[in-house]
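Here the structure comes first, spelled out in structure tokens, and everything after it is commentary.
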Amino acid sequence: MKGLVARRRNPIVASMLLLAALLGVGGVYAVATTAAPAEAVATSDQTAIDEGKRLYLEGCSSCHGLNAQGTSNGPTLIGVGAAAVHFQVSTGRMPMAAPAAQAPEKPTDYTEEEVSQMAAYIASLGPGPAIPTAEQLDYSDADIAEGGVLFRINCAQCHQAAGGGGALTNGKYAPSLMEATPQEIYEAMLTGPQNMPVFGDGTLTVEDKQAIIAYVMDLQEAPSPGGLALGRLGPVSEGLFLWAGVMAAFVGIAVWIGIKAR
Amino acid sequence: MSTTEKVGESVATYVDQRVGSNRFLGRSLKKVFPDHWSFMLGEIALYSFIIVLLTGVFLTLFYKPSMVEVVYDGSYVPLKGVMMSEAYASTLDISFDVRGGLLIRQMHHWAALLFIAAMSVHMFRVFFTGAFRKPREFNWVIGISLITLGLGAGFSGYSLPDDLLSGTGLQIARGIVQAIPIVGTWGAFLLFDGEFPGTEFISRLYGVHILLIPGLILALVTVHLMMVWTQKHTQFPGPGRTNDNVVGYPLMPIYMAKAGGFFFVVFGVTALIGGLVSINPIWIFGPYTPDQVGAGSQPDWYIGWLDGALRIFPNIETVLFGYTISWNIFIPSVIVPGIVFTVAALYPFLEAWVTGDKRDHNLLNRPRNAPTRTGIGVMAITFYFLLFIGGGNDIIAITFDLSINAIIWFLRIAVIVLPPIAFLVTRRICIGLQRRDREKMLHGYESGRILRLPHGEFIEVHEPLSLKERAVLESAIESYRAPLPAPEKVDANGVANKHYRRDMIRYKLSRWFYADDIVPPTRQEIEAGQAHVSHDAALEAPLHEYDEDETVMVPFHGGVLHTAGEPATNREQLEERGGNL
Ligand code: HEM
């Protein structure tokens, strides 16, 4: 174990690891981008589609039907696009484990490659939003302030201003965005999972989406200028802190001073 | 003369030689204050108010109460170039570009929350100990006015930064004004000078927040404290403490030292959390625009219960002559708080009327010795708390993975069912405690020592009470009151009682108020009981000698095991005498 750690510190090993990581990311990227436009995939990557179909029949068809036409247990997937599949499966929402108000997030059992294969299969059934390209996901030049404005207009009413998430009716909820990756955010906007509306490119352009991603990333990373953030839940956690922390402390001190008197 | 008194005297002399105020100050500085930790709760309110004033003055130097649109160009990058009101921009500047600004802003807000929390706790201390009774009813009313003003101060301050949260709060407030039948729409136009949000409201609110309300609070606090001063503070029962004296420490130097020290503790802790714990991060909420609203929008904690009432109230509206009356807003936001504050302010007078108690009270009640009042207090807290939960229903739903609809339905039922249950349970507990106190007064306390008597019986030895404990327990005698006698329709001279119906209501309420209180033993009984317990030789006295007739006072013996003469409640005693209930 010790030796392993020591060897990992070795600069050569480090650069090897870096290379391997780059290759890995590149490979995934290649698969992802080729899976993107439905028509292109249909001919060029037939093996991925076949493999995706196999995985689909195994894990998904019980609810979504043998031809993804939908059953009483799940909606049709024809035309939902590769982005929807990638979003739903990579966040662990699908396959749905048990009937619930909303499919919860959980660790997924599928590899990134398998997800892309299923995405390719579903995309081959009908045109739908493709998995966003690395270019689309590059938010480094995006305008954070503009993203903030768009976020408050389009997203804050469900996800809360600080992205902490919020409750919807009947046990449904908009989840916290504090863990969301740029790709998840992009795909969520593209596909509008469950109660979330679809924000197609007509509503929010690619630049708008990048700006929103930049803003959410800033929310995730930025330190809290005012000190302990209290979960950024606003007045509720502040009130709790006041009563359980401050007020309790003062009463304790008052009692202490009272005892000292005797 | 003790050393502390001497110090007080010399301070007084020193001041007198320069100010010539000896007659007043000399007496004042030596004035005695009774001591109890719960008497410091009012001080927390006072100190946090002082902190609010000091930090508030700092904020006025930089805050601009203007709704003019500007483009933000401060140092908070995620908002750079965004259009916003000058009010919001200046609050951002205070937070990011004024040295120490964020610290002061956060201290101001924390101290404001603390101010109202301390007032509430102080109010309940006054309530549960009966400190509001004659002659202090007016000071109670002043107190309720202060807490109402406190809510106004807090809400107006929360609305000033013109961020998304404060604007949402204002929009709700406007909705509430509009929901008042007939005058609502005009009222809203008057307040906001036209449509929402308009351009005037922030500057109007500013005047209210920094001048009107603090001025009123300052004036009322002054009167409040002067009344405490002239009426003298109440005290808890204890050895040597009567209704007509005050036992405690002189103001100078002991009370001054303690109070002064406590001020610095409150100030220090507030500064600490102001520096370390974030509050109202307006830069995250963004500037206010009427077409936006954030999930999880909440008011500050003290408005939470009103928001909760609004959230859980069923959606009822009626259309009258083409006008919609929004009961769903009007009732929870105007009628409910109206009733709550009116009843709270009138409570001392209501209780005095029901109980017919016209005595002066300088000795506090132990909460158990006023079971009905204590029950009412806990009932009010339960009601308040349930509404408060309603105000955070969305946060609770997402935090605990519950359905918001289920929470609303739970609260709708709970807010009607749980407060009366809380009342009954609390009253029961108080009566149980009274019963135990009675036992202690008559038989001393259980020492835990078990003794075996020659004939084999085991008994537990009881010990006499300490002087202090006796004084505390015996306050039950002072607190005790029998229900009012039944009114007569026609008096002894054959004159009809014109107020018969009113008197009857009062008689019944008085029964309800007092009926289940335990009748405390008389001083002679206690004396006899305690003497007996302490009488060691009594252990040798033959057992089972006491009179089995429960109405006769039992002759004490053996220091133990008196089951005869169960403590009776007012109701039981009355029934025994053939009184109806
Ligand atoms: C601005 C807020 C307030 C301040 C600064 C304040 C301050 C004080 C202080 C320092 C005392 C003497 C110490 C004590 O008994 O705690 C006192 C007593 C008293 N306060 Fe307040 N108070 C405030 C609000 C209230 C409220 C909201 C109520 C009730 C509705 C209230 C009712 C009373 C009464 C009846 C007394 C006399 C208590 C006694 O003599 O035992 N006060 N107040």
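Ligands are numbered from 1 in the order shown, residues from 1 within each chain, and chains are lettered A, B, ... in the order they appear in the structure tokens.
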Item to check | Residue hits in chain A, query chain B, radius 8 Å, only C-alpha atoms, as a PyMOL selection string | outcome: chain A and resi 144-146+148-149+152-153+156-162+165-173+215+224-230+233-236+238-239+242-243+246-247+250-251+254-259+261
Next on the checklist: Which residues are near ligand 1 in this structure, taking near to mean any atom at most 8 Å from a ligand atom and counting only C-alpha atoms and all ligand atoms? Format them as number ranges by chain.
Outcome noted: B: 38-47, 49, 115-116, 118-120, 122-127, 129, 131-133, 136-147, 150, 217-218, 220-221, 224-225, 227-228, 231-235, 344-345, 362, 364
Next on the checklist: Residues within 12 Å of A:Arg54, please, as a PyMOL selection string. Count only C-alpha atoms; anything in the same chain fewer than 3 positions from it doesn't count.
Outcome noted: chain A and resi 47-51+57-61+66-67+114-115+117-118+120-122
Using the selection just defined, write its residues with C-alpha atoms as a CSV table (one decimal), in the first residue's frame.
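Written file, out_38.csv:
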chain,number,residue,atom,x,y,z
A,47,THR,CA,-22.8,-1.9,-33.5
A,48,ALA,CA,-23.4,0.7,-30.8
A,49,ILE,CA,-27.1,0.7,-31.6
A,50,ASP,CA,-27.3,-3.0,-31.5
A,51,GLU,CA,-25.5,-3.2,-28.2
A,57,LEU,CA,-34.3,-4.9,-23.8
A,58,GLU,CA,-32.6,-6.2,-20.6
A,59,GLY,CA,-33.1,-3.2,-18.4
A,60,CYS,CA,-35.8,-0.9,-19.7
A,61,SER,CA,-38.3,-2.7,-21.9
A,66,LEU,CA,-40.2,-3.9,-26.3
A,67,ASN,CA,-40.1,-1.2,-29.1
A,114,GLU,CA,-23.3,1.5,-22.1
A,115,VAL,CA,-25.2,4.7,-21.5
A,117,GLN,CA,-25.1,2.9,-26.6
A,118,MET,CA,-28.6,3.0,-25.2
A,120,ALA,CA,-27.7,5.8,-29.6
A,121,TYR,CA,-30.4,3.1,-29.8
A,122,ILE,CA,-33.2,5.5,-28.6
Next on the checklist: Using only C-alpha atoms, which protein or nucleic acid residues come within 8 Å of stretch 473-489 of chain B? Drop anything in the same chain fewer than 4 positions from it, and give the result as a list in words.
Outcome noted: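 Using only C-alpha atoms, the neighbours found are Pro237, Thr355, Gly356, Asn365, Asn369, Ala370, Asp437, Met441, Glu469, Ala496, Asn497, Tyr500, Asp503, Met504, Tyr507, Ser510, Arg511, Phe513, Tyr514, Ala515, Val519, Pro520, Pro521, Thr522 and Asn570 of chain B.
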Next on the checklist: I'd like the neighbourhood of A:Met217 as an NGL selection string, where a residue qualifies if any of its atoms comes within 9 Å (using only C-alpha atoms), though same-chain residues fewer than 6 positions away should be ignored.
Outcome noted: :A and (178 or 180-182)
Checklist entry - Where in stretch 135-365 of chain B does DSSP assign helix (DSSP H, G or I), given as a PyMOL selection string? => result chain B and resi 137-159+164-179+184-192+201-231+251-276+282-285+301-312+327-355
Item to check | Near-A:Val198 list (12 Å; only C-alpha atoms; drop same-chain fewer than 2 positions) as a PyMOL selection string | outcome: chain A and resi 80+84+129+154-155+185-196+200-204
Item to check | Atomic distance atom CA of B:Val247 - atom CA of B:Arg359, expressed in Å with one decimal | outcome: 20.3 Å
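Near A:Thr91, within a cut-off of 8 Å and counting only C-alpha atoms, sit the residues Glu105, Lys106, Pro107, Thr108 and Glu184 of chain A, with same-chain residues fewer than 6 positions away left out.
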DSSP on the backbone, strand (DSSP E or B) only: what residues of stretch 102-232 of chain A does that give? Format it as a PDB file with N, CA and C atoms, in the first residue's frame.
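Below is the file that was written, selection-v7.pdb:
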ATOM      1  N   GLY A 166     -36.174  22.971  -4.305  1.00  0.00           N
ATOM      2  CA  GLY A 166     -37.422  23.400  -3.693  1.00  0.00           C
ATOM      3  C   GLY A 166     -38.492  22.342  -3.858  1.00  0.00           C
ATOM      4  N   ALA A 167     -39.534  22.445  -3.018  1.00  0.00           N
ATOM      5  CA  ALA A 167     -40.603  21.450  -3.059  1.00  0.00           C
ATOM      6  C   ALA A 167     -41.623  21.826  -4.128  1.00  0.00           C
ATOM      7  N   TYR A 173     -40.371  17.303  -6.311  1.00  0.00           N
ATOM      8  CA  TYR A 173     -39.451  18.350  -5.911  1.00  0.00           C
ATOM      9  C   TYR A 173     -38.482  18.661  -7.035  1.00  0.00           C
ATOM     10  N   ALA A 174     -37.983  19.878  -7.019  1.00  0.00           N
ATOM     11  CA  ALA A 174     -36.889  20.246  -7.911  1.00  0.00           C
ATOM     12  C   ALA A 174     -35.610  20.048  -7.112  1.00  0.00           C
ATOM     13  N   LEU A 228     -20.330  31.373   7.646  1.00  0.00           N
ATOM     14  CA  LEU A 228     -21.072  30.119   7.629  1.00  0.00           C
ATOM     15  C   LEU A 228     -22.384  30.276   6.848  1.00  0.00           C
TER      16      LEU A 228
END
Next on the checklist: For a test of reading the model, state the distance in Å between atom CA of B:Leu451 and atom CA of B:Val472, rounded to one decimal.
Outcome noted: 28.8 Å
